[in-house]
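**Student:** Okay, so here is data-v8.cif, and as you'll see once you scroll down, it has mmCIF, C-alpha atoms and all ligand atoms.
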data_start
loop_
_atom_site.label_atom_id
_atom_site.label_comp_id
_atom_site.auth_asym_id
_atom_site.auth_seq_id
_atom_site.Cartn_x
_atom_site.Cartn_y
_atom_site.Cartn_z
CA MET A 1 -61.15 51.51 -60.22
CA THR A 2 -59.61 54.01 -62.60
CA GLU A 3 -56.09 55.08 -61.89
CA HIS A 4 -55.99 58.87 -61.47
CA THR A 5 -53.21 60.91 -63.01
CA TYR A 6 -53.01 62.92 -59.78
CA ASP A 7 -53.76 62.15 -56.12
CA LEU A 8 -54.30 65.81 -55.33
CA ILE A 9 -54.81 68.93 -57.42
CA LEU A 10 -54.35 72.41 -56.02
CA ARG A 11 -56.32 74.72 -58.30
CA ARG A 12 -55.77 78.42 -58.97
CA GLY A 13 -52.79 79.05 -56.71
CA LYS A 14 -50.71 82.21 -57.05
CA LEU A 15 -47.02 81.70 -57.80
CA LEU A 16 -44.77 84.74 -57.46
CA SER A 17 -41.12 85.23 -58.32
CA PHE A 18 -38.96 86.88 -55.67
CA ASP A 19 -37.20 89.38 -57.91
CA THR A 20 -40.18 90.76 -59.78
CA ASP A 21 -43.82 91.13 -58.89
CA LYS A 22 -44.71 88.83 -61.81
CA ARG A 23 -47.54 86.53 -60.74
CA LYS A 24 -49.04 83.46 -62.32
CA ILE A 25 -52.26 81.67 -61.44
CA LEU A 26 -51.67 77.95 -61.93
CA ASP A 27 -52.84 74.46 -60.96
CA ILE A 28 -50.47 72.03 -59.26
CA GLY A 29 -50.89 68.29 -59.83
CA ILE A 30 -49.45 65.95 -57.18
CA LYS A 31 -48.89 62.21 -57.56
CA ASN A 32 -47.10 59.81 -55.18
CA GLY A 33 -45.84 62.69 -53.06
CA GLN A 34 -44.27 64.54 -55.99
CA ILE A 35 -45.20 67.58 -58.03
CA THR A 36 -45.97 66.16 -61.48
CA ALA A 37 -47.57 69.18 -63.18
CA ILE A 38 -47.66 72.96 -62.80
CA LYS A 39 -49.99 74.39 -65.46
CA PRO A 40 -53.01 76.62 -65.92
CA ASN A 41 -56.32 74.70 -65.87
CA LEU A 42 -55.30 71.04 -65.53
CA ASN A 43 -58.18 69.25 -67.22
CA GLN A 44 -57.97 65.94 -65.33
CA SER A 45 -59.70 65.40 -62.01
CA ALA A 46 -58.24 63.97 -58.80
CA PRO A 47 -59.72 62.26 -55.73
CA GLN A 48 -58.83 65.35 -53.75
CA GLU A 49 -58.96 68.89 -55.15
CA ILE A 50 -58.71 72.24 -53.42
CA ASP A 51 -59.61 75.58 -54.96
CA LEU A 52 -56.99 78.01 -53.61
CA GLU A 53 -58.88 81.07 -54.92
CA GLU A 54 -55.62 82.74 -55.96
CA LYS A 55 -54.00 82.46 -52.54
CA LEU A 56 -50.20 82.60 -52.44
CA ILE A 57 -48.29 79.33 -52.81
CA SER A 58 -44.86 79.45 -51.23
CA PRO A 59 -42.05 77.00 -50.68
CA PRO A 60 -42.14 75.97 -47.00
CA PHE A 61 -40.32 77.85 -44.30
CA VAL A 62 -36.91 76.54 -43.31
CA GLU A 63 -35.87 76.94 -39.68
CA SER A 64 -32.11 77.12 -40.09
CA HIS A 65 -31.21 77.64 -36.43
CA ILE A 66 -33.04 76.47 -33.35
CA HIS A 67 -32.15 74.66 -30.12
CA LEU A 68 -34.84 71.97 -29.84
CA ASP A 69 -33.20 70.42 -26.76
CA SER A 70 -34.02 73.48 -24.68
CA VAL A 71 -37.37 74.57 -26.18
CA LEU A 72 -40.32 74.95 -23.80
CA THR A 73 -38.23 75.02 -20.62
CA ALA A 74 -38.51 78.75 -19.78
CA GLY A 75 -38.49 79.27 -16.00
CA GLU A 76 -36.96 75.85 -15.31
CA PRO A 77 -35.35 75.83 -12.85
CA ARG A 78 -35.43 79.65 -12.79
CA TRP A 79 -35.99 82.66 -15.04
CA ASN A 80 -33.17 84.53 -16.74
CA GLN A 81 -33.10 87.83 -14.83
CA SER A 82 -30.17 89.54 -16.55
CA GLY A 83 -31.36 88.57 -20.02
CA THR A 84 -27.80 87.69 -21.03
CA LEU A 85 -26.48 84.77 -23.04
CA PHE A 86 -24.24 83.81 -20.14
CA GLU A 87 -26.97 83.60 -17.51
CA GLY A 88 -28.90 81.52 -20.07
CA ILE A 89 -25.95 79.10 -20.35
CA GLN A 90 -25.85 78.79 -16.52
CA ILE A 91 -29.58 78.11 -16.23
CA TRP A 92 -29.46 75.57 -19.02
CA GLY A 93 -26.44 74.00 -17.28
CA ASP A 94 -28.73 73.26 -14.33
CA ARG A 95 -31.74 72.23 -16.40
CA LYS A 96 -29.74 69.79 -18.49
CA LYS A 97 -28.83 67.77 -15.37
CA THR A 98 -32.48 66.66 -15.24
CA LEU A 99 -32.95 65.69 -18.91
CA SER A 100 -34.53 62.38 -19.85
CA LEU A 101 -35.21 60.92 -23.29
CA GLU A 102 -38.92 61.37 -22.72
CA ASP A 103 -38.57 65.00 -21.59
CA VAL A 104 -36.55 66.01 -24.65
CA THR A 105 -38.65 63.97 -27.10
CA ASN A 106 -41.96 65.36 -25.86
CA ARG A 107 -40.89 68.98 -25.91
CA ALA A 108 -39.14 68.71 -29.28
CA LEU A 109 -42.05 66.86 -30.88
CA ASN A 110 -44.55 69.43 -29.59
CA MET A 111 -42.38 72.13 -31.08
CA LEU A 112 -42.00 70.36 -34.43
CA LYS A 113 -45.78 69.99 -34.68
CA GLU A 114 -46.25 73.65 -33.88
CA GLN A 115 -43.58 74.51 -36.47
CA ALA A 116 -45.26 72.31 -39.10
CA ALA A 117 -48.60 74.03 -38.47
CA GLN A 118 -46.75 77.29 -39.17
CA GLY A 119 -45.41 76.06 -42.47
CA ILE A 120 -41.93 74.92 -41.43
CA LEU A 121 -40.96 71.60 -43.01
CA PHE A 122 -37.17 71.73 -42.62
CA VAL A 123 -35.39 72.34 -39.33
CA ARG A 124 -31.74 72.52 -38.36
CA THR A 125 -31.40 72.08 -34.62
CA HIS A 126 -28.35 72.49 -32.44
CA VAL A 127 -28.07 69.94 -29.66
CA ASP A 128 -25.86 70.45 -26.65
CA VAL A 129 -23.23 67.70 -26.62
CA SER A 130 -21.36 68.97 -23.58
CA GLU A 131 -23.72 66.92 -21.39
CA PRO A 132 -21.88 63.67 -20.53
CA GLN A 133 -24.74 61.25 -21.21
CA LEU A 134 -25.69 62.81 -24.56
CA ILE A 135 -29.37 62.33 -23.70
CA ALA A 136 -30.68 65.19 -25.84
CA LEU A 137 -28.63 63.98 -28.79
CA LYS A 138 -30.01 60.45 -28.52
CA ALA A 139 -33.56 61.78 -28.28
CA LEU A 140 -33.21 64.08 -31.30
CA LEU A 141 -31.45 61.54 -33.52
CA GLU A 142 -34.30 59.16 -32.82
CA LEU A 143 -36.88 61.87 -33.47
CA ARG A 144 -35.16 62.79 -36.77
CA ASP A 145 -36.07 59.33 -38.00
CA ARG A 146 -39.55 59.26 -36.49
CA VAL A 147 -40.71 62.49 -38.15
CA LYS A 148 -39.03 62.06 -41.52
CA ASN A 149 -42.25 61.49 -43.47
CA TRP A 150 -43.45 65.01 -42.71
CA MET A 151 -40.45 66.95 -41.33
CA THR A 152 -36.79 67.00 -42.29
CA LEU A 153 -34.62 67.45 -39.23
CA GLN A 154 -30.90 68.20 -39.29
CA VAL A 155 -28.91 67.83 -36.08
CA VAL A 156 -25.82 69.89 -35.22
CA ALA A 157 -23.53 68.56 -32.47
CA PHE A 158 -23.11 71.74 -30.43
CA PRO A 159 -20.63 71.84 -27.53
CA GLN A 160 -22.44 74.59 -25.55
CA ASP A 161 -19.80 74.75 -22.78
CA GLY A 162 -16.86 74.73 -25.19
CA ILE A 163 -14.68 71.98 -26.66
CA TYR A 164 -11.59 72.64 -24.54
CA SER A 165 -13.11 74.12 -21.39
CA HIS A 166 -13.89 70.70 -19.88
CA SER A 167 -11.74 67.61 -20.32
CA GLN A 168 -14.38 65.26 -21.72
CA ASN A 169 -16.01 67.62 -24.24
CA LYS A 170 -13.64 66.95 -27.12
CA THR A 171 -14.46 63.25 -26.97
CA LEU A 172 -18.19 63.91 -26.56
CA LEU A 173 -18.20 65.99 -29.74
CA GLU A 174 -16.58 63.22 -31.75
CA THR A 175 -18.90 60.60 -30.22
CA ALA A 176 -21.87 62.72 -31.34
CA LEU A 177 -20.63 62.53 -34.93
CA GLU A 178 -20.08 58.79 -34.67
CA MET A 179 -23.68 58.53 -33.46
CA GLY A 180 -24.89 60.33 -36.59
CA ALA A 181 -25.15 64.09 -36.07
CA ASP A 182 -25.42 65.85 -39.44
CA ALA A 183 -23.13 68.77 -38.64
CA VAL A 184 -20.31 69.84 -36.32
CA GLY A 185 -20.81 72.92 -34.16
CA GLY A 186 -18.69 75.04 -31.88
CA ILE A 187 -18.55 78.14 -29.74
CA PRO A 188 -15.07 79.68 -30.09
CA HIS A 189 -15.94 82.94 -28.28
CA TYR A 190 -16.80 80.91 -25.16
CA GLU A 191 -13.61 78.85 -25.05
CA LEU A 192 -11.38 79.88 -22.13
CA THR A 193 -8.83 81.72 -24.25
CA ARG A 194 -8.49 83.16 -27.73
CA GLU A 195 -5.98 80.37 -28.50
CA ASP A 196 -8.47 77.69 -27.48
CA GLY A 197 -11.08 79.38 -29.66
CA VAL A 198 -8.77 79.19 -32.68
CA ARG A 199 -7.85 75.58 -31.81
CA SER A 200 -11.56 74.69 -31.56
CA ILE A 201 -12.17 75.89 -35.13
CA LYS A 202 -9.25 73.80 -36.38
CA ARG A 203 -10.74 70.77 -34.60
CA ILE A 204 -14.22 71.42 -36.05
CA PHE A 205 -12.84 71.45 -39.60
CA GLU A 206 -10.83 68.26 -38.95
CA LEU A 207 -13.94 66.47 -37.67
CA ALA A 208 -16.05 67.71 -40.59
CA GLU A 209 -13.51 66.27 -42.98
CA LYS A 210 -13.07 62.98 -41.10
CA TYR A 211 -16.83 62.30 -40.86
CA ASN A 212 -17.91 64.17 -44.02
CA ARG A 213 -20.32 66.50 -42.19
CA LEU A 214 -21.49 70.09 -42.51
CA ILE A 215 -20.23 72.80 -40.15
CA ASP A 216 -22.34 75.33 -38.24
CA ILE A 217 -20.47 77.34 -35.61
CA HIS A 218 -21.92 79.71 -33.01
CA CYS A 219 -19.39 82.39 -33.84
CA ASP A 220 -18.70 85.68 -32.05
CA GLU A 221 -22.08 85.85 -30.32
CA ILE A 222 -21.03 88.75 -28.13
CA ASP A 223 -20.82 92.55 -28.40
CA ASP A 224 -17.03 92.42 -27.93
CA GLU A 225 -15.49 94.06 -31.01
CA GLN A 226 -12.33 92.06 -30.25
CA SER A 227 -14.11 88.76 -30.78
CA ARG A 228 -12.70 87.86 -34.19
CA PHE A 229 -13.24 84.18 -34.79
CA LEU A 230 -15.16 84.83 -37.99
CA GLU A 231 -11.87 85.58 -39.75
CA VAL A 232 -10.52 82.24 -38.50
CA VAL A 233 -13.57 80.39 -39.84
CA ALA A 234 -13.27 82.24 -43.17
CA ALA A 235 -9.57 81.38 -43.43
CA ALA A 236 -10.25 77.69 -42.74
CA ALA A 237 -12.99 77.70 -45.39
CA ILE A 238 -10.66 79.37 -47.92
CA HIS A 239 -7.90 76.83 -47.26
CA THR A 240 -10.19 73.79 -47.41
CA GLN A 241 -12.43 75.15 -50.21
CA ILE A 242 -15.58 73.90 -48.44
CA GLY A 243 -17.20 77.29 -47.82
CA SER A 244 -20.66 76.27 -49.06
CA ARG A 245 -20.73 73.54 -46.39
CA VAL A 246 -19.80 75.98 -43.61
CA THR A 247 -22.08 78.30 -41.64
CA ALA A 248 -21.23 81.06 -39.20
CA SER A 249 -24.22 81.55 -36.88
CA HIS A 250 -24.97 84.71 -34.91
CA THR A 251 -21.67 86.65 -35.64
CA THR A 252 -23.14 89.54 -33.65
CA ALA A 253 -19.69 91.04 -32.95
CA PHE A 254 -19.53 91.87 -36.69
CA GLY A 255 -22.07 94.57 -35.86
CA SER A 256 -19.52 96.12 -33.49
CA TYR A 257 -16.35 95.87 -35.62
CA ASN A 258 -14.92 99.14 -36.87
CA ASN A 259 -15.68 99.82 -40.52
CA ALA A 260 -12.06 99.59 -41.69
CA TYR A 261 -11.75 96.05 -40.32
CA ALA A 262 -15.27 95.09 -41.40
CA PHE A 263 -14.55 96.22 -44.96
CA LYS A 264 -11.36 94.15 -45.17
CA LEU A 265 -13.12 91.15 -43.62
CA MET A 266 -15.99 91.36 -46.12
CA GLY A 267 -13.51 90.71 -48.96
CA PHE A 268 -12.22 87.58 -47.20
CA LEU A 269 -15.80 86.40 -46.60
CA GLN A 270 -16.52 86.76 -50.31
CA ARG A 271 -13.53 84.55 -51.01
CA ALA A 272 -14.66 82.04 -48.39
CA GLN A 273 -18.29 81.88 -49.61
CA ILE A 274 -19.55 80.62 -46.26
CA ASN A 275 -23.20 80.92 -45.17
CA PHE A 276 -24.48 83.20 -42.43
CA ILE A 277 -27.36 82.79 -40.04
CA ALA A 278 -28.61 85.74 -38.01
CA ASN A 279 -31.15 85.31 -35.21
CA PRO A 280 -32.64 88.80 -34.92
CA LEU A 281 -35.47 87.94 -32.53
CA ILE A 282 -33.14 86.54 -29.89
CA ASN A 283 -30.04 88.63 -30.40
CA ILE A 284 -31.93 91.93 -30.11
CA THR A 285 -32.72 90.81 -26.56
CA LEU A 286 -29.49 89.00 -25.57
CA GLN A 287 -27.02 91.56 -26.87
CA GLY A 288 -26.55 95.16 -25.81
CA ARG A 289 -26.92 94.14 -22.16
CA ALA A 290 -23.60 95.68 -21.14
CA ASP A 291 -24.40 98.95 -22.96
CA SER A 292 -26.00 101.99 -21.42
CA TYR A 293 -26.93 104.38 -24.24
CA PRO A 294 -26.71 104.29 -27.18
CA LYS A 295 -27.52 100.55 -27.11
CA ARG A 296 -26.35 98.28 -29.90
CA ARG A 297 -28.76 96.17 -31.92
CA GLY A 298 -26.81 92.95 -31.48
CA VAL A 299 -27.12 91.65 -35.02
CA THR A 300 -24.53 90.94 -37.64
CA ARG A 301 -24.24 93.06 -40.82
CA VAL A 302 -27.10 91.28 -42.55
CA LYS A 303 -27.81 93.92 -45.16
CA GLU A 304 -24.17 94.36 -46.12
CA LEU A 305 -23.53 90.60 -46.29
CA TRP A 306 -26.51 90.27 -48.62
CA GLN A 307 -25.40 93.27 -50.70
CA ASN A 308 -21.99 91.64 -51.05
CA GLY A 309 -23.53 88.47 -52.45
CA LEU A 310 -23.21 86.22 -49.39
CA ASN A 311 -25.90 83.74 -48.46
CA VAL A 312 -27.73 84.86 -45.32
CA SER A 313 -30.67 83.25 -43.56
CA PHE A 314 -32.63 84.05 -40.42
CA GLY A 315 -33.25 81.58 -37.58
CA HIS A 316 -35.59 81.72 -34.58
CA ASP A 317 -32.89 80.29 -32.23
CA CYS A 318 -35.12 79.77 -29.18
CA VAL A 319 -38.74 79.28 -28.21
CA GLN A 320 -39.51 79.64 -24.51
CA ASP A 321 -36.15 78.65 -23.10
CA PRO A 322 -33.48 80.09 -20.77
CA TRP A 323 -32.36 82.55 -23.44
CA TYR A 324 -35.74 83.74 -24.70
CA SER A 325 -38.99 83.14 -22.87
CA LEU A 326 -41.35 84.21 -25.68
CA GLY A 327 -42.01 83.01 -29.22
CA THR A 328 -44.24 80.55 -31.03
CA GLY A 329 -41.77 79.35 -33.66
CA ASN A 330 -43.28 81.44 -36.49
CA MET A 331 -40.60 82.22 -39.09
CA LEU A 332 -42.61 85.26 -40.19
CA ASP A 333 -42.04 86.76 -36.73
CA VAL A 334 -38.33 86.23 -37.32
CA ALA A 335 -38.41 87.80 -40.79
CA HIS A 336 -40.49 90.68 -39.42
CA MET A 337 -37.93 91.38 -36.69
CA GLY A 338 -35.14 91.09 -39.29
CA VAL A 339 -36.82 93.72 -41.48
CA HIS A 340 -36.81 96.10 -38.51
CA ILE A 341 -33.43 95.56 -36.89
CA CYS A 342 -31.47 95.14 -40.11
CA HIS A 343 -33.13 98.18 -41.77
CA MET A 344 -34.42 96.00 -44.59
CA THR A 345 -37.60 97.97 -45.18
CA GLY A 346 -37.28 98.60 -48.95
CA ARG A 347 -39.63 96.56 -51.12
CA GLU A 348 -36.86 94.34 -52.50
CA GLU A 349 -35.31 94.13 -49.04
CA VAL A 350 -38.53 92.85 -47.46
CA ASN A 351 -38.76 90.19 -50.19
CA THR A 352 -35.15 89.30 -49.41
CA CYS A 353 -36.07 88.81 -45.74
CA TYR A 354 -38.71 86.34 -46.91
CA GLN A 355 -36.02 84.48 -48.83
CA MET A 356 -33.93 84.42 -45.66
CA VAL A 357 -36.54 82.16 -44.03
CA THR A 358 -37.13 80.07 -47.17
CA THR A 359 -34.77 79.66 -50.15
CA ASN A 360 -31.59 81.08 -48.59
CA ALA A 361 -32.01 78.84 -45.55
CA ALA A 362 -32.62 75.86 -47.87
CA LYS A 363 -29.27 76.58 -49.51
CA THR A 364 -27.50 76.68 -46.14
CA LEU A 365 -29.02 73.33 -45.17
CA HIS A 366 -28.10 71.81 -48.56
CA LEU A 367 -31.67 70.69 -49.15
CA GLU A 368 -31.06 70.75 -52.90
CA GLU A 369 -33.51 68.44 -54.73
CA LYS A 370 -35.82 68.23 -51.71
CA TYR A 371 -36.79 71.91 -51.90
CA GLY A 372 -38.63 74.13 -54.33
CA ILE A 373 -41.89 74.25 -56.27
CA GLU A 374 -40.92 72.44 -59.46
CA VAL A 375 -42.07 69.40 -61.39
CA GLY A 376 -40.14 66.35 -60.18
CA LYS A 377 -39.60 67.66 -56.66
CA PRO A 378 -41.38 66.47 -53.51
CA ALA A 379 -44.73 68.22 -53.11
CA SER A 380 -43.79 70.20 -50.01
CA LEU A 381 -45.34 73.66 -50.06
CA ILE A 382 -47.56 76.02 -48.13
CA VAL A 383 -50.59 78.15 -48.99
CA LEU A 384 -50.74 81.61 -47.43
CA ASP A 385 -53.63 84.00 -47.09
CA ALA A 386 -51.49 86.87 -48.33
CA LYS A 387 -51.29 88.98 -51.50
CA ASP A 388 -47.53 88.53 -51.78
CA TYR A 389 -44.40 87.83 -49.70
CA TYR A 390 -44.40 91.39 -48.36
CA ASP A 391 -47.97 90.98 -47.15
CA ALA A 392 -47.10 87.61 -45.58
CA ILE A 393 -44.42 89.27 -43.43
CA ARG A 394 -46.75 92.12 -42.54
CA THR A 395 -49.60 89.89 -41.42
CA ARG A 396 -47.65 86.86 -40.14
CA ASN A 397 -50.64 84.52 -40.27
CA LYS A 398 -50.50 80.76 -40.09
CA PRO A 399 -50.67 79.11 -43.52
CA ARG A 400 -54.08 77.91 -44.66
CA TYR A 401 -52.60 74.62 -45.85
CA VAL A 402 -49.29 72.91 -45.20
CA ILE A 403 -48.47 70.12 -47.64
CA SER A 404 -45.54 67.85 -46.93
CA GLN A 405 -44.38 65.19 -49.39
CA GLY A 406 -47.79 65.27 -51.07
CA LYS A 407 -49.97 65.11 -47.96
CA ILE A 408 -51.96 67.89 -46.31
CA ILE A 409 -50.48 67.69 -42.81
CA ALA A 410 -52.02 70.84 -41.33
CA SER A 411 -54.71 73.35 -42.17
CA THR A 412 -55.81 76.46 -40.32
CA THR A 413 -59.08 78.37 -40.54
CA PRO A 414 -58.47 82.12 -40.37
CA GLU A 415 -59.90 83.91 -37.38
CA SER A 416 -62.64 86.41 -38.13
CA THR A 417 -63.70 89.43 -36.12
CA ASN A 418 -67.30 90.48 -35.75
CA PHE A 419 -67.73 94.29 -35.82
CA SER A 420 -71.47 94.30 -35.13
CA LEU A 421 -71.33 96.90 -32.35
CA ILE A 422 -69.13 99.38 -34.23
CA THR A 423 -71.30 98.95 -37.32
CA ALA A 424 -74.39 99.72 -35.24
CA VAL A 425 -72.81 102.85 -33.73
CA PHE A 426 -71.70 104.29 -37.07
CA ARG A 427 -74.72 103.37 -39.13
N1 LIG B 1 -26.63 78.90 -26.74
C1 LIG B 1 -25.83 79.87 -27.23
O1 LIG B 1 -24.61 79.79 -27.07
N2 LIG B 1 -26.37 80.91 -27.88
C2 LIG B 1 -27.69 80.99 -28.05
N3 LIG B 1 -28.19 82.05 -28.70
C3 LIG B 1 -28.53 80.00 -27.52
C4 LIG B 1 -27.96 78.95 -26.88
C5 LIG B 1 -29.99 80.09 -27.69
FE FE2 B 2 -28.00 79.50 -31.22
#
Translate this structure into structure tokens?
**Tutor:**
Amino acid sequence: MTEHTYDLILRRGKLLSFDTDKRKILDIGIKNGQITAIKPNLNQSAPQEIDLEEKLISPPFVESHIHLDSVLTAGEPRWNQSGTLFEGIQIWGDRKKTLSLEDVTNRALNMLKEQAAQGILFVRTHVDVSEPQLIALKALLELRDRVKNWMTLQVVAFPQDGIYSHSQNKTLLETALEMGADAVGGIPHYELTREDGVRSIKRIFELAEKYNRLIDIHCDEIDDEQSRFLEVVAAAAIHTQIGSRVTASHTTAFGSYNNAYAFKLMGFLQRAQINFIANPLINITLQGRADSYPKRRGVTRVKELWQNGLNVSFGHDCVQDPWYSLGTGNMLDVAHMGVHICHMTGREEVNTCYQMVTTNAAKTLHLEEKYGIEVGKPASLIVLDAKDYYDAIRTRNKPRYVISQGKIIASTTPESTNFSLITAVFR
């Protein structure tokens, strides 16, 4: 048997840069799970070849913020009637009393498969570690290993009920890191007092240093303009110089700060160089619930953070859970909502929203050498039936092919509509 130079060749794919509309039609050669050539008209043959007919090749989607422990539980044990974050926390508090390893594993695995089919190959999940048996954490750490040949999973130890609000939670958080969580989380705006919130951030940074982990804090997820833990996170990042390893998630209160304060804060954030994750799909529904009219949009200052050079990504946050009963996990739905709520409708801005669910999110997760369409990197990429990134957000279709570490792990046939009746009427 002759040894082939490539295991798989993708022919005539369209590669597009984000900052210009420059397009190239190229072949991609894949060998042993890696991209080994990107050139026009590769003249070798491979056991498997696909003609992409100039369809768009994109780096995979990165889900930078989801709660896989609670996915697919909407309505259990009851529906969220107020639509608020806090009723969601109460409902989840009841649901989490009935968790089992099997329950969490099945739901999370179903979600990961659905995400993979939609072109997501990297996921950062928060896992509630204020549940005394740490069942969800055990299930997701085990799943992280089980899926690693097709999906990269990052686990954040997230103390949903607060670190200092219950006596055992501080220990549980540290245990979660000893067990192998990739990142430390927190929820300072839900600690019992402002002082506890500040103390919780100090603790999170201590733990990140002690265990050498990333940080991703649910920060100021409230419409209260007095919720100002972001400045505390920024200060800690400035003092420790680890900003690139730190993420502030949600920060919805930033959308309610007065402009004088917001302007000053923006300068500190630029010094801190932390990452931001906004969850527009969920926060447009959770926030603004105490408003009459005008109603706030409940998102952080995404456009201004981006304009000031900070790294921002978009996350889905929830799929069918106590906080949000809709959703399929599609990152293009998230980007689409981001375009609308954040007023990112300019051509460059829409492209930026695409980066917020791909390259920017990859930076936040520190995927580094694992991510990107380049020779020498793992062959993890998706093929979209779209003219360009803008068109991908507009149409939000499932990718035609999803390739992870060199293998085609999912493919979708586009639906087609038959207009026979209309054609007959207008003949
Ligand atoms: N928990 C939380 O504190 N905030 C959220 N948005 C979700 C869970 C989904
Ligand atoms: Fe969240």
**Student:** Quick one: residues within 12 Å of A:Thr328, all atoms listed in the file counted, chain neighbours fewer than 2 positions away excluded, as a list in words?
**Tutor:**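 After dropping sequence-adjacent residues, the list is Val71, Leu72, Asn110, Met111, Leu112, Lys113, Glu114, Gln115, Ala116, Ala117, Gln118, Leu281, His316, Asp317, Cys318, Val319, Gln320, Asp321, Tyr324, Ser325, Leu326, Asn330, Met331, Leu332, Asp333, Val334, Arg396, Asn397 and Lys398 of chain A.
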**Student:** Could you take the residues named above and write them with C-alpha atoms, as a PDB file, keeping the file's coordinate frame?
**Tutor:**
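Generated file (result.pdb):
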ATOM      1  CA  VAL A  71     -37.370  74.570 -26.180  1.00  0.00           C
ATOM      2  CA  LEU A  72     -40.320  74.950 -23.800  1.00  0.00           C
ATOM      3  CA  ASN A 110     -44.550  69.430 -29.590  1.00  0.00           C
ATOM      4  CA  MET A 111     -42.380  72.130 -31.080  1.00  0.00           C
ATOM      5  CA  LEU A 112     -42.000  70.360 -34.430  1.00  0.00           C
ATOM      6  CA  LYS A 113     -45.780  69.990 -34.680  1.00  0.00           C
ATOM      7  CA  GLU A 114     -46.250  73.650 -33.880  1.00  0.00           C
ATOM      8  CA  GLN A 115     -43.580  74.510 -36.470  1.00  0.00           C
ATOM      9  CA  ALA A 116     -45.260  72.310 -39.100  1.00  0.00           C
ATOM     10  CA  ALA A 117     -48.600  74.030 -38.470  1.00  0.00           C
ATOM     11  CA  GLN A 118     -46.750  77.290 -39.170  1.00  0.00           C
ATOM     12  CA  LEU A 281     -35.470  87.940 -32.530  1.00  0.00           C
ATOM     13  CA  HIS A 316     -35.590  81.720 -34.580  1.00  0.00           C
ATOM     14  CA  ASP A 317     -32.890  80.290 -32.230  1.00  0.00           C
ATOM     15  CA  CYS A 318     -35.120  79.770 -29.180  1.00  0.00           C
ATOM     16  CA  VAL A 319     -38.740  79.280 -28.210  1.00  0.00           C
ATOM     17  CA  GLN A 320     -39.510  79.640 -24.510  1.00  0.00           C
ATOM     18  CA  ASP A 321     -36.150  78.650 -23.100  1.00  0.00           C
ATOM     19  CA  TYR A 324     -35.740  83.740 -24.700  1.00  0.00           C
ATOM     20  CA  SER A 325     -38.990  83.140 -22.870  1.00  0.00           C
ATOM     21  CA  LEU A 326     -41.350  84.210 -25.680  1.00  0.00           C
ATOM     22  CA  ASN A 330     -43.280  81.440 -36.490  1.00  0.00           C
ATOM     23  CA  MET A 331     -40.600  82.220 -39.090  1.00  0.00           C
ATOM     24  CA  LEU A 332     -42.610  85.260 -40.190  1.00  0.00           C
ATOM     25  CA  ASP A 333     -42.040  86.760 -36.730  1.00  0.00           C
ATOM     26  CA  VAL A 334     -38.330  86.230 -37.320  1.00  0.00           C
ATOM     27  CA  ARG A 396     -47.650  86.860 -40.140  1.00  0.00           C
ATOM     28  CA  ASN A 397     -50.640  84.520 -40.270  1.00  0.00           C
ATOM     29  CA  LYS A 398     -50.500  80.760 -40.090  1.00  0.00           C
TER      30      LYS A 398
END
**Student:** Can you check which parts of chain A lie within 8 Å of ligand LIG 1 (chain B)? Per residue, the shortest pair of atoms and distance in Å to one decimal, counting all atoms listed in the file, sorted by chain and number, as a Markdown table.
**Tutor:**
| residue | atom | partner | partner_atom | distance |
| --- | --- | --- | --- | --- |
| A:Ile66 | CA | B:LIG1 | C5 | 7.4 |
| A:His67 | CA | B:LIG1 | C5 | 6.3 |
| A:Leu85 | CA | B:LIG1 | N2 | 6.2 |
| A:Gly88 | CA | B:LIG1 | C4 | 7.3 |
| A:Ile89 | CA | B:LIG1 | N1 | 6.4 |
| A:Gln160 | CA | B:LIG1 | O1 | 5.8 |
| A:Ile187 | CA | B:LIG1 | O1 | 6.8 |
| A:His218 | CA | B:LIG1 | O1 | 6.5 |
| A:Glu221 | CA | B:LIG1 | N2 | 7.0 |
| A:His250 | CA | B:LIG1 | N3 | 7.5 |
| A:Asn279 | CA | B:LIG1 | N3 | 7.9 |
| A:Ile282 | CA | B:LIG1 | N3 | 6.8 |
| A:Asn283 | CA | B:LIG1 | N3 | 7.0 |
| A:Leu286 | CA | B:LIG1 | N3 | 7.7 |
| A:Asp317 | CA | B:LIG1 | C5 | 5.4 |
| A:Cys318 | CA | B:LIG1 | C5 | 5.4 |
| A:Asp321 | CA | B:LIG1 | C5 | 7.8 |
| A:Pro322 | CA | B:LIG1 | C5 | 7.8 |
| A:Trp323 | CA | B:LIG1 | C5 | 5.5 |
| A:Tyr324 | CA | B:LIG1 | C5 | 7.4 |
**Student:** Taking (-54.3, 66.8, -59.2) in the file's own coordinates, collect the residues within 6 Å, counting only C-alpha atoms, and hand them back as a list of chain:residue names.
**Tutor:**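 Here is the list of nearby residues: A:Tyr6, A:Asp7, A:Leu8, A:Ile9, A:Gly29, A:Ile30, A:Ala46.
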**Student:** Between atom CA of A:Glu369 and atom CA of A:Gln34, what is the distance, to one decimal in Å?
**Tutor:**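 Atom CA of A:Glu369 sits 11.5 Å away from atom CA of A:Gln34.
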**Student:** Could you check which of A:Val233, A:Phe314, A:Ala108, A:Ser130 is closest to ligand FE2 2 (chain B), using all atoms listed in the file?
**Tutor:**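 Ranked by minimum distance to ligand FE2 2 (chain B), first place goes to A:Phe314.
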**Student:** Considering only C-alpha atoms and all ligand atoms, can you say which of A:Thr251, A:Gln241, A:Gln48, A:Thr105 comes closest to ligand FE2 2 (chain B)?
**Tutor:**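 When distances to ligand FE2 2 (chain B) are compared using only C-alpha atoms and all ligand atoms, the smallest one comes from A:Thr251.
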